[in-house]
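Student: This is the structure I want to talk about, given as structure tokens.
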There are 2 protein chains.
Amino acid sequence: MSDTAIQTLKNMLAHLDDAKKYQSLRDVMETLNAPDLAAVFEDLPQEKMPVLFRLMPKDLAAEVFAELTPDTQEALIRGLSDRELKLVIDELFVDDATDLVEEMPASVVKRILAQASPDTRQMINELLKYPEDSAGGVMTTEFMELRPGMTVSQAMDSIRENGFDKETINNCYVTGADRTLEGVVSLRALVLEKDPARPIADLMDTNVVSVTTATDREETSQLFEKYGFLAIPVVDNEKRLVGIVTVDDALTILQDEINEDIAKMNAMAPTEKPYFKASLWELYKSRAPWLLFLMLSATFSSLVIRSYEDALAAVTALTAYIPMLTDTGGNAGSQTTSTIIRGMATGDIAPRDILKVLWKELRVSLLCGLTLAVCNFAKLLWFDGVGAGVALAVSLTLICTVLLSQLIGGVLPMAARKVGIDPAVMASPLITTIVDTTTLLIYFNFARLVLGL
Amino acid sequence: MSDTAIQTLKNMLAHLDDAKKYQSLRDVMETLNAPDLAAVFEDLPQEKMPVLFRLMPKDLAAEVFAELTPDTQEALIRGLSDRELKLVIDELFVDDATDLVEEMPASVVKRILAQASPDTRQMINELLKYPEDSAGGVMTTEFMELRPGMTVSQAMDSIRENGFDKETINNCYVTGADRTLEGVVSLRALVLEKDPARPIADLMDTNVVSVTTATDREETSQLFEKYGFLAIPVVDNEKRLVGIVTVDDALTILQDEINEDIAKMNAMAPTEKPYFKASLWELYKSRAPWLLFLMLSATFSSLVIRSYEDALAAVTALTAYIPMLTDTGGNAGSQTTSTIIRGMATGDIAPRDILKVLWKELRVSLLCGLTLAVCNFAKLLWFDGVGAGVALAVSLTLICTVLLSQLIGGVLPMAARKVGIDPAVMASPLITTIVDTTTLLIYFNFARLVLGL
């Protein structure tokens with residue numbers, strides 16, 4: 001739904017509320033999707049929230065609640081009675097309840113845990129043990145479990161009896177005596193099976209792709225793309241099934257990770273908030289430190305230029321090509337670095353492929369560098385009208401700088417991964433600053449050599 | 001599965017094949033997932049492919065086939081008899097068959113269409129009408145359709161009878177007389193419903209989010225993230241249901257679009273192939289034209305420098321800060337531009353928000369610019385030991401260049417979107433080249449003013 005539609009909706013709900021037309025309000029809200037209603041709630045004044053929230057049927061209310069930003073969740077909780085809060089917690093899926101506990105301040109957490117049923121409290125405490133960026137941290141424990149000895153009709157009975165509060169029943173997991181994962185069977189296969197007496201063990205797929213609680217959440221979500229799964233089972237170190245990650249969570253994780261990568265690749269600290277939700281101060285904090293760091297790193301390029309002042313003074317035309325050369329180095333470097341960062345994120349490139357990458361980059365960068373050098377030489381001679389010496393120095397520098405930038409651009413993100421730094425910070429801005437200095441050194445040395453300075 | 005695992009597997013299959021142990025070969029392959037088997041096929045010599053392919057059960061064979069890259073699909077098809085090809089086409093989901101027809105050369109397409117059943121051929125021709133980047137181009141026509149008058153038990157009977165060749169039955173679509181979409185009901189709801197005589201019209205969700213055949217495929221896949229859907233129905237202009245897009249396709253689309261955006265944001269033409277699959281020539285073609293274009297665009301910064309040669313000659317220290325200033329401008333610009341590009345891709349920022357963006361950027365960039373200017377002034381005076389005049393000129397330039405770069409970085413991608421250019425090309429490299437010239441102009445004018453040149 002577009003912003004305008006949400007605005008219209010917000011006005012409509014406000015009018016109905018002011019006129020105390022609560023039945024109509026309830027009717028209207030029931031026709032809406034949870035994510036759209038959540039968007040309306042985000043824009044609502046705090047005192048209006050509980051009134052509207054109480055009017056929703058409790059399953060819709062829980063769905064809307066799970067979609068809200070932490071700030072809005074907190075504001076809403078403060079307006080709810082303990083009994084109302086309990087209803088919400090009971091309806092929430094346990095992974096969403098755990099996220100809530102992770103985001104709220106201590107006083108609110110205390111209230112939430114006091115209202116949660118002992119079962120839910122135990123599950124939340126279980127899930128809180130796992131790091132937020134692991135499969136354990138994003139999984140839910142509400143999955144459908146079957147036994148290999150069951151027949152199809154027994155399995156269907158079990159699903160009808162226990163399926164209501166499971167996050168998904170489209171895939172059911174078959175476990176042995178000690179909860180070891182033995183196989184997976186889809187609801188589709190169960191429904192389409194013609195023989196109700198057929199044992200589940202016959203029907204299930206025993207070649208299950210699973211992750212462990214410690215698997216990185218990004219790696220987990222990449223598996224969804226590769227295999228087209230709707231859910232992936234999560235096992236502990238003893239291969240016991242402890243949870244599942246569902247495809248909707250995988251999509252959210254992928255988007256979050258990509259937002260984070262793009263922020264880092266452009267010299268920003270990642271923020272979780274959408275652009276218009278982020279305050280001035282938050283945007284400033286995400287941008288200024290990196291700008292400052294990169295500005296100070298440019299000290300090296302200043303030092304290089306100052307130590308070649310004599311050469312620049314002798315042939316003033318040399319200065320004119322400094323931005324072109326450093327930009328080209330930066331561009332060439334960021335082409336490679338972004339390719340490698342993305343390739344590692346999607347699993348196309350592994351850290352041990354470093355020599356293969358270097359060999360490929362060596363050849364591509366030579367081709368690119370030669371093309372640029374030839375075009376540039378012609379342009380400088382005939383269009384800019386500089387001497388052949390300057391044109392030669394600039395063109396030779398181009399070949400070397402493209403070569404070096406693409407090699408450095410290939411190595412840096414892989415080296416970063418090896419020592420445990422996020423490769424995404426090795427992107428365009430940092431690579432530009434790094435190759436500036438090498439580009440200038442190459443340039444001035446060629447200039448001295450060719451022009452005899 | 002890792003590269004090493006695939007290598008091991010490939011060797012194992014080759015050994016079994018050489019030893020003509022076909023039964024074991026078949027048994028081994030049946031324990032594997034289609035995407036893993038596809039990865040093995042990608043590395044296989046062409047003459048080995050048909051032998052292994054024939055050994056797989058036909059549903060697995062079709063799944064593996066759909067996962068192969070177009071080059072490998074073509075090679076494999078050339079090794080299959082017409083009868084074998086027919087079996088594959090019959091087993092493929094119609095959206096995969098359509099993709100195949102779109103990718104293959106004319107001679108292969110002719111063979112494929114000749115072997116397809118008249119029904120399949122008609123569906124393929126239907127789907128070929130839609131542009132590849134629209135919802136119509138990625139949807140499948142194999143969905144489960146129900147009537148509102150059916151009871152739950154009638155619906156389950158219909159699913160058992162017709163569900164086999166549907167891409168998904170987890171969501172079933174309820175249509176009226178002329179195939180108008182009236183609602184959606186999940187298999188979960190049908191299975192969990194206690195009253196078999198309850199009419200579907202009672203159970204279905206009538207508030208269905210749908211897209212039209214013309215909706216952009218990226219926009220369609222963003223809806224999956226927002227609403228957590230497993231499938232989205234696609235309707236024509238008369239609101240008739242014509243197909244569905246499933247979440248596995250949405251994930252692939254999101255990844256493709258992001259790869260494309262990251263390539264464009266780093267001055268590369270997007271390639272569909274993974275890094276190691278792309279040939280030298282393909283990598284060269286994706287990189288060199290942009291490098292060349294940006295190099296030639298740097299002519300403007302050269303012209304600016306040459307027209308201020310007198311100022312540079314008078315105060316040689318000025319040259320030393322050129323790379324720092326242009327880099328900072330580029331970095332500041334790419335922070336904003338990447339934020340806006342990503343915000344528009346995820347729907348957080350709409351093109352008409354341009355004034356809100358400018359107002360926000362104005363304030364953030366002033367804060368960032370002032371921070372940099374103060375730090376830089378101190379550093380130049382006490383660390384670099386330059387005169388107060390140069391330090392002042394450089395610092396004033398920093399404020400203006402951060403301000404201008406972030407404003408330009410905010411406007412350019414939004415303006416690009418308005419005139420129908422992909423905003424992603426307005427990222428770091430292009431913005432750097434553009435702000436270089438403005439930065440230099442500001443710098444030299446401040447220098448003249450402050451230093452009285």
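Residues in the structure tokens are numbered from 1 in each chain, the chains being A, B, ... in the order shown, and ligands are numbered from 1 in the order shown.
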Find the residues around Asn33 in chain A up to 9 Å (only C-alpha atoms counted), leave out those fewer than 6 positions away in its own chain, and share them as a list in words.

Tutor: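 Within the cut-off, the hits are Leu60 and Val64 of chain A; Asn207, Val208, Val209 and Tyr227 of chain B.
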
Student: Let me see the file: selected residues, all heavy atoms, as a PDB file, in the first residue's frame.

Tutor:
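Output file out_26.pdb is given in full below:
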ATOM      1  N   LEU A  60      -5.513 -10.999  14.644  1.00  0.00           N
ATOM      2  CA  LEU A  60      -5.069  -9.880  13.802  1.00  0.00           C
ATOM      3  C   LEU A  60      -4.212  -8.927  14.636  1.00  0.00           C
ATOM      4  O   LEU A  60      -3.161  -8.453  14.188  1.00  0.00           O
ATOM      5  CB  LEU A  60      -6.285  -9.138  13.226  1.00  0.00           C
ATOM      6  CG  LEU A  60      -5.966  -7.942  12.312  1.00  0.00           C
ATOM      7  CD1 LEU A  60      -5.172  -8.372  11.090  1.00  0.00           C
ATOM      8  CD2 LEU A  60      -7.239  -7.226  11.869  1.00  0.00           C
ATOM      9  N   VAL A  64      -0.480  -7.681  13.697  1.00  0.00           N
ATOM     10  CA  VAL A  64      -0.119  -6.270  13.553  1.00  0.00           C
ATOM     11  C   VAL A  64       1.018  -5.945  14.513  1.00  0.00           C
ATOM     12  O   VAL A  64       2.004  -5.315  14.135  1.00  0.00           O
ATOM     13  CB  VAL A  64      -1.335  -5.361  13.841  1.00  0.00           C
ATOM     14  CG1 VAL A  64      -0.909  -3.890  13.919  1.00  0.00           C
ATOM     15  CG2 VAL A  64      -2.390  -5.543  12.769  1.00  0.00           C
TER      16      VAL A  64
ATOM     17  N   ASN B 207      -9.750 -10.406   1.194  1.00  0.00           N
ATOM     18  CA  ASN B 207      -8.915  -9.224   1.028  1.00  0.00           C
ATOM     19  C   ASN B 207      -7.560  -9.658   0.446  1.00  0.00           C
ATOM     20  O   ASN B 207      -6.556  -9.705   1.130  1.00  0.00           O
ATOM     21  CB  ASN B 207      -8.754  -8.562   2.393  1.00  0.00           C
ATOM     22  CG  ASN B 207      -7.849  -7.374   2.334  1.00  0.00           C
ATOM     23  OD1 ASN B 207      -7.787  -6.685   1.318  1.00  0.00           O
ATOM     24  ND2 ASN B 207      -7.119  -7.154   3.407  1.00  0.00           N
ATOM     25  N   VAL B 208      -7.574 -10.010  -0.846  1.00  0.00           N
ATOM     26  CA  VAL B 208      -6.386 -10.594  -1.457  1.00  0.00           C
ATOM     27  C   VAL B 208      -5.499  -9.515  -2.057  1.00  0.00           C
ATOM     28  O   VAL B 208      -5.973  -8.668  -2.805  1.00  0.00           O
ATOM     29  CB  VAL B 208      -6.769 -11.573  -2.596  1.00  0.00           C
ATOM     30  CG1 VAL B 208      -5.580 -12.432  -2.961  1.00  0.00           C
ATOM     31  CG2 VAL B 208      -7.958 -12.402  -2.220  1.00  0.00           C
ATOM     32  N   VAL B 209      -4.214  -9.549  -1.729  1.00  0.00           N
ATOM     33  CA  VAL B 209      -3.257  -8.679  -2.396  1.00  0.00           C
ATOM     34  C   VAL B 209      -2.873  -9.368  -3.699  1.00  0.00           C
ATOM     35  O   VAL B 209      -2.420 -10.509  -3.693  1.00  0.00           O
ATOM     36  CB  VAL B 209      -1.999  -8.463  -1.540  1.00  0.00           C
ATOM     37  CG1 VAL B 209      -0.964  -7.651  -2.297  1.00  0.00           C
ATOM     38  CG2 VAL B 209      -2.356  -7.784  -0.227  1.00  0.00           C
ATOM     39  N   TYR B 227       4.591  -8.733   3.043  1.00  0.00           N
ATOM     40  CA  TYR B 227       3.433  -9.444   3.564  1.00  0.00           C
ATOM     41  C   TYR B 227       3.728 -10.873   4.028  1.00  0.00           C
ATOM     42  O   TYR B 227       2.865 -11.534   4.582  1.00  0.00           O
ATOM     43  CB  TYR B 227       2.316  -9.480   2.520  1.00  0.00           C
ATOM     44  CG  TYR B 227       1.729  -8.115   2.213  1.00  0.00           C
ATOM     45  CD1 TYR B 227       2.083  -7.421   1.068  1.00  0.00           C
ATOM     46  CD2 TYR B 227       0.820  -7.531   3.082  1.00  0.00           C
ATOM     47  CE1 TYR B 227       1.538  -6.174   0.787  1.00  0.00           C
ATOM     48  CE2 TYR B 227       0.274  -6.288   2.813  1.00  0.00           C
ATOM     49  CZ  TYR B 227       0.638  -5.611   1.659  1.00  0.00           C
ATOM     50  OH  TYR B 227       0.110  -4.384   1.393  1.00  0.00           O
TER      51      TYR B 227
END

Student: Write out as an MDAnalysis selection string all residues of range 170-268 of chain B that backbone DSSP assigns to alpha helix (DSSP H).

Tutor: chainID B and resid 187:192 200:203 217:227 247:265

Student: Please list as a PyMOL selection string every residue within 12 Å of range 11-13 of chain B, counting only C-alpha atoms and excluding residues in the same chain fewer than 5 positions away.

Tutor: chain B and resi 4-6+18-29+32+37+40-41+43-44+48-49+51-53+55

Student: Put those residues in a file: N, CA, C and O atoms, as an mmCIF file, in the first residue's frame.

Tutor:
data_model
loop_
_atom_site.group_PDB
_atom_site.id
_atom_site.type_symbol
_atom_site.label_atom_id
_atom_site.label_comp_id
_atom_site.auth_asym_id
_atom_site.auth_seq_id
_atom_site.Cartn_x
_atom_site.Cartn_y
_atom_site.Cartn_z
ATOM 1 N N THR B 4 34.087 -28.331 -2.893
ATOM 2 C CA THR B 4 34.843 -29.567 -2.704
ATOM 3 C C THR B 4 33.902 -30.760 -2.706
ATOM 4 O O THR B 4 34.186 -31.794 -3.308
ATOM 5 N N ALA B 5 32.754 -30.617 -2.038
ATOM 6 C CA ALA B 5 31.781 -31.710 -1.997
ATOM 7 C C ALA B 5 31.314 -32.045 -3.402
ATOM 8 O O ALA B 5 31.173 -33.216 -3.776
ATOM 9 N N ILE B 6 31.091 -30.998 -4.199
ATOM 10 C CA ILE B 6 30.625 -31.220 -5.571
ATOM 11 C C ILE B 6 31.694 -31.916 -6.389
ATOM 12 O O ILE B 6 31.403 -32.803 -7.199
ATOM 13 N N ASP B 18 32.142 -45.006 -15.330
ATOM 14 C CA ASP B 18 33.193 -45.739 -16.045
ATOM 15 C C ASP B 18 33.088 -47.237 -15.780
ATOM 16 O O ASP B 18 33.303 -48.054 -16.667
ATOM 17 N N ALA B 19 32.747 -47.583 -14.532
ATOM 18 C CA ALA B 19 32.650 -49.000 -14.176
ATOM 19 C C ALA B 19 31.297 -49.598 -14.585
ATOM 20 O O ALA B 19 31.000 -50.742 -14.281
ATOM 21 N N LYS B 20 30.495 -48.755 -15.241
ATOM 22 C CA LYS B 20 29.149 -49.169 -15.692
ATOM 23 C C LYS B 20 28.277 -49.689 -14.546
ATOM 24 O O LYS B 20 27.431 -50.567 -14.758
ATOM 25 N N LYS B 21 28.485 -49.163 -13.337
ATOM 26 C CA LYS B 21 27.636 -49.561 -12.207
ATOM 27 C C LYS B 21 26.399 -48.678 -12.182
ATOM 28 O O LYS B 21 26.247 -47.803 -11.323
ATOM 29 N N TYR B 22 25.528 -48.895 -13.150
ATOM 30 C CA TYR B 22 24.421 -47.975 -13.334
ATOM 31 C C TYR B 22 23.414 -48.001 -12.202
ATOM 32 O O TYR B 22 22.837 -46.993 -11.848
ATOM 33 N N GLN B 23 23.189 -49.201 -11.619
ATOM 34 C CA GLN B 23 22.209 -49.271 -10.523
ATOM 35 C C GLN B 23 22.688 -48.424 -9.330
ATOM 36 O O GLN B 23 21.921 -47.646 -8.770
ATOM 37 N N SER B 24 23.980 -48.569 -8.987
ATOM 38 C CA SER B 24 24.518 -47.784 -7.869
ATOM 39 C C SER B 24 24.472 -46.306 -8.189
ATOM 40 O O SER B 24 24.165 -45.464 -7.337
ATOM 41 N N LEU B 25 24.771 -45.983 -9.427
ATOM 42 C CA LEU B 25 24.756 -44.599 -9.877
ATOM 43 C C LEU B 25 23.370 -43.998 -9.658
ATOM 44 O O LEU B 25 23.214 -42.900 -9.104
ATOM 45 N N ARG B 26 22.355 -44.753 -10.057
ATOM 46 C CA ARG B 26 20.979 -44.311 -9.882
ATOM 47 C C ARG B 26 20.653 -44.129 -8.394
ATOM 48 O O ARG B 26 20.076 -43.115 -7.991
ATOM 49 N N ASP B 27 21.077 -45.115 -7.588
ATOM 50 C CA ASP B 27 20.797 -45.044 -6.144
ATOM 51 C C ASP B 27 21.436 -43.811 -5.523
ATOM 52 O O ASP B 27 20.830 -43.113 -4.711
ATOM 53 N N VAL B 28 22.696 -43.555 -5.905
ATOM 54 C CA VAL B 28 23.397 -42.397 -5.356
ATOM 55 C C VAL B 28 22.681 -41.106 -5.726
ATOM 56 O O VAL B 28 22.437 -40.238 -4.891
ATOM 57 N N MET B 29 22.322 -40.992 -7.003
ATOM 58 C CA MET B 29 21.714 -39.748 -7.459
ATOM 59 C C MET B 29 20.386 -39.475 -6.774
ATOM 60 O O MET B 29 20.049 -38.335 -6.487
ATOM 61 N N LEU B 32 20.339 -37.369 -3.654
ATOM 62 C CA LEU B 32 20.831 -35.983 -3.707
ATOM 63 C C LEU B 32 19.716 -34.995 -4.030
ATOM 64 O O LEU B 32 18.695 -35.356 -4.610
ATOM 65 N N LEU B 37 22.805 -31.780 -7.571
ATOM 66 C CA LEU B 37 23.022 -32.549 -8.795
ATOM 67 C C LEU B 37 23.257 -31.613 -9.980
ATOM 68 O O LEU B 37 24.110 -31.882 -10.835
ATOM 69 N N VAL B 40 26.743 -30.492 -10.118
ATOM 70 C CA VAL B 40 27.613 -31.531 -10.666
ATOM 71 C C VAL B 40 27.516 -31.530 -12.196
ATOM 72 O O VAL B 40 28.527 -31.573 -12.899
ATOM 73 N N PHE B 41 26.298 -31.438 -12.715
ATOM 74 C CA PHE B 41 26.099 -31.447 -14.166
ATOM 75 C C PHE B 41 26.839 -30.289 -14.843
ATOM 76 O O PHE B 41 27.356 -30.436 -15.945
ATOM 77 N N ASP B 43 29.603 -29.135 -14.291
ATOM 78 C CA ASP B 43 31.034 -29.425 -14.439
ATOM 79 C C ASP B 43 31.314 -30.660 -15.295
ATOM 80 O O ASP B 43 32.467 -31.020 -15.516
ATOM 81 N N LEU B 44 30.255 -31.331 -15.759
ATOM 82 C CA LEU B 44 30.414 -32.604 -16.464
ATOM 83 C C LEU B 44 30.794 -32.396 -17.934
ATOM 84 O O LEU B 44 30.321 -31.453 -18.562
ATOM 85 N N LYS B 48 29.017 -37.014 -21.208
ATOM 86 C CA LYS B 48 28.594 -37.783 -20.032
ATOM 87 C C LYS B 48 27.156 -37.436 -19.607
ATOM 88 O O LYS B 48 26.487 -38.211 -18.936
ATOM 89 N N MET B 49 26.735 -36.225 -19.940
ATOM 90 C CA MET B 49 25.466 -35.723 -19.411
ATOM 91 C C MET B 49 24.261 -36.604 -19.695
ATOM 92 O O MET B 49 23.538 -36.982 -18.769
ATOM 93 N N VAL B 51 23.853 -39.732 -20.378
ATOM 94 C CA VAL B 51 23.887 -41.027 -19.696
ATOM 95 C C VAL B 51 23.381 -40.874 -18.266
ATOM 96 O O VAL B 51 22.469 -41.587 -17.823
ATOM 97 N N LEU B 52 23.989 -39.948 -17.526
ATOM 98 C CA LEU B 52 23.581 -39.727 -16.135
ATOM 99 C C LEU B 52 22.136 -39.249 -16.058
ATOM 100 O O LEU B 52 21.376 -39.656 -15.194
ATOM 101 N N PHE B 53 21.774 -38.370 -16.976
ATOM 102 C CA PHE B 53 20.447 -37.775 -16.957
ATOM 103 C C PHE B 53 19.365 -38.847 -17.101
ATOM 104 O O PHE B 53 18.357 -38.829 -16.418
ATOM 105 N N LEU B 55 19.455 -41.835 -16.162
ATOM 106 C CA LEU B 55 19.364 -42.729 -15.006
ATOM 107 C C LEU B 55 18.470 -42.174 -13.894
ATOM 108 O O LEU B 55 18.028 -42.910 -13.017
#

Student: Compare A:Ala75, A:Leu190, A:Ile169, A:Ala231 by their minimum atom-to-atom distance to Met150 in chain A, counting only C-alpha atoms, and give me the closest one.

Tutor: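 Closest candidate: A:Leu190.
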
Student: Could you pull the residues within 9 Å of Ala317 in chain A, counting only C-alpha atoms, minus those fewer than 5 positions along the same chain, as a PDB file with C-alpha atoms, in the first residue's frame?

Tutor:
ATOM      1  CA  LEU A 312      54.614  19.353 -10.655  1.00  0.00           C
ATOM      2  CA  VAL A 386      49.623  18.190 -24.427  1.00  0.00           C
ATOM      3  CA  VAL A 390      52.886  13.859 -20.623  1.00  0.00           C
TER       4      VAL A 390
ATOM      5  CA  ILE B 305      42.585  22.570 -13.016  1.00  0.00           C
ATOM      6  CA  ARG B 306      44.224  23.901 -16.157  1.00  0.00           C
ATOM      7  CA  GLU B 309      47.149  26.795 -13.118  1.00  0.00           C
TER       8      GLU B 309
END

Student: Please produce, as a tab-separated table, a per-residue contact table for range 262-352 of chain B versus range 409-421 of chain B (criterion: any atom at most 10 Å away, only C-alpha atoms considered), showing the nearest atom pair and its distance in Å to one decimal, sorted by chain then residue number.

Tutor:
residue	atom	partner	partner_atom	distance
B:Gly330	CA	B:Gly409	CA	9.3
B:Ala332	CA	B:Gly409	CA	8.1
B:Gly333	CA	B:Gly409	CA	4.8
B:Ser334	CA	B:Gly409	CA	6.5
B:Gln335	CA	B:Gly409	CA	7.8
B:Thr336	CA	B:Gly409	CA	5.2
B:Thr337	CA	B:Gly409	CA	4.4
B:Ser338	CA	B:Gly409	CA	8.2
B:Thr339	CA	B:Gly410	CA	8.4
B:Ile340	CA	B:Gly410	CA	6.4
B:Ile341	CA	B:Pro413	CA	6.3
B:Met344	CA	B:Met414	CA	8.3
B:Ile349	CA	B:Met414	CA	9.3
B:Ala350	CA	B:Met414	CA	8.3
B:Pro351	CA	B:Met414	CA	5.6
B:Arg352	CA	B:Met414	CA	8.5

Student: May I ask which of the residues A:Val394, A:Ala116, A:Leu192, A:Val402 is the closest one to Glu91 in chain A, counting only C-alpha atoms?

Tutor: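 Among the listed residues, the smallest separation from Glu91 in chain A belongs to A:Ala116.
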
Student: Identify, on the basis of only C-alpha atoms, every residue whose closest approach to Glu361 in chain A does not exceed 9 Å; exclude the query and any residue fewer than 4 positions from it along the same chain; express the result as a short mmCIF file (atom, residue, chain, number, x, y, z; two decimals) with C-alpha atoms, in the first residue's frame.

Tutor:
data_model
loop_
_atom_site.label_atom_id
_atom_site.label_comp_id
_atom_site.auth_asym_id
_atom_site.auth_seq_id
_atom_site.Cartn_x
_atom_site.Cartn_y
_atom_site.Cartn_z
CA THR A 336 36.49 -5.81 -8.62
CA LYS A 356 41.98 -18.10 -9.18
CA VAL A 357 40.64 -14.60 -8.57
CA SER A 365 42.68 -5.66 -15.74
CA LEU A 366 45.41 -5.77 -18.40
CA LEU A 403 46.10 -3.45 -12.97
CA GLN A 406 41.80 -4.54 -9.68
CA LEU A 407 44.34 -6.86 -8.06
CA GLY A 410 40.32 -8.68 -5.57
CA LEU B 280 37.41 -12.88 -19.66
#

Student: Take CA of Asp205 in chain B and CA of Tyr173 in chain B and report the distance between them in Å, one decimal.

Tutor: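 Calculated distance between CA of Asp205 in chain B and CA of Tyr173 in chain B is 9.7 Å.
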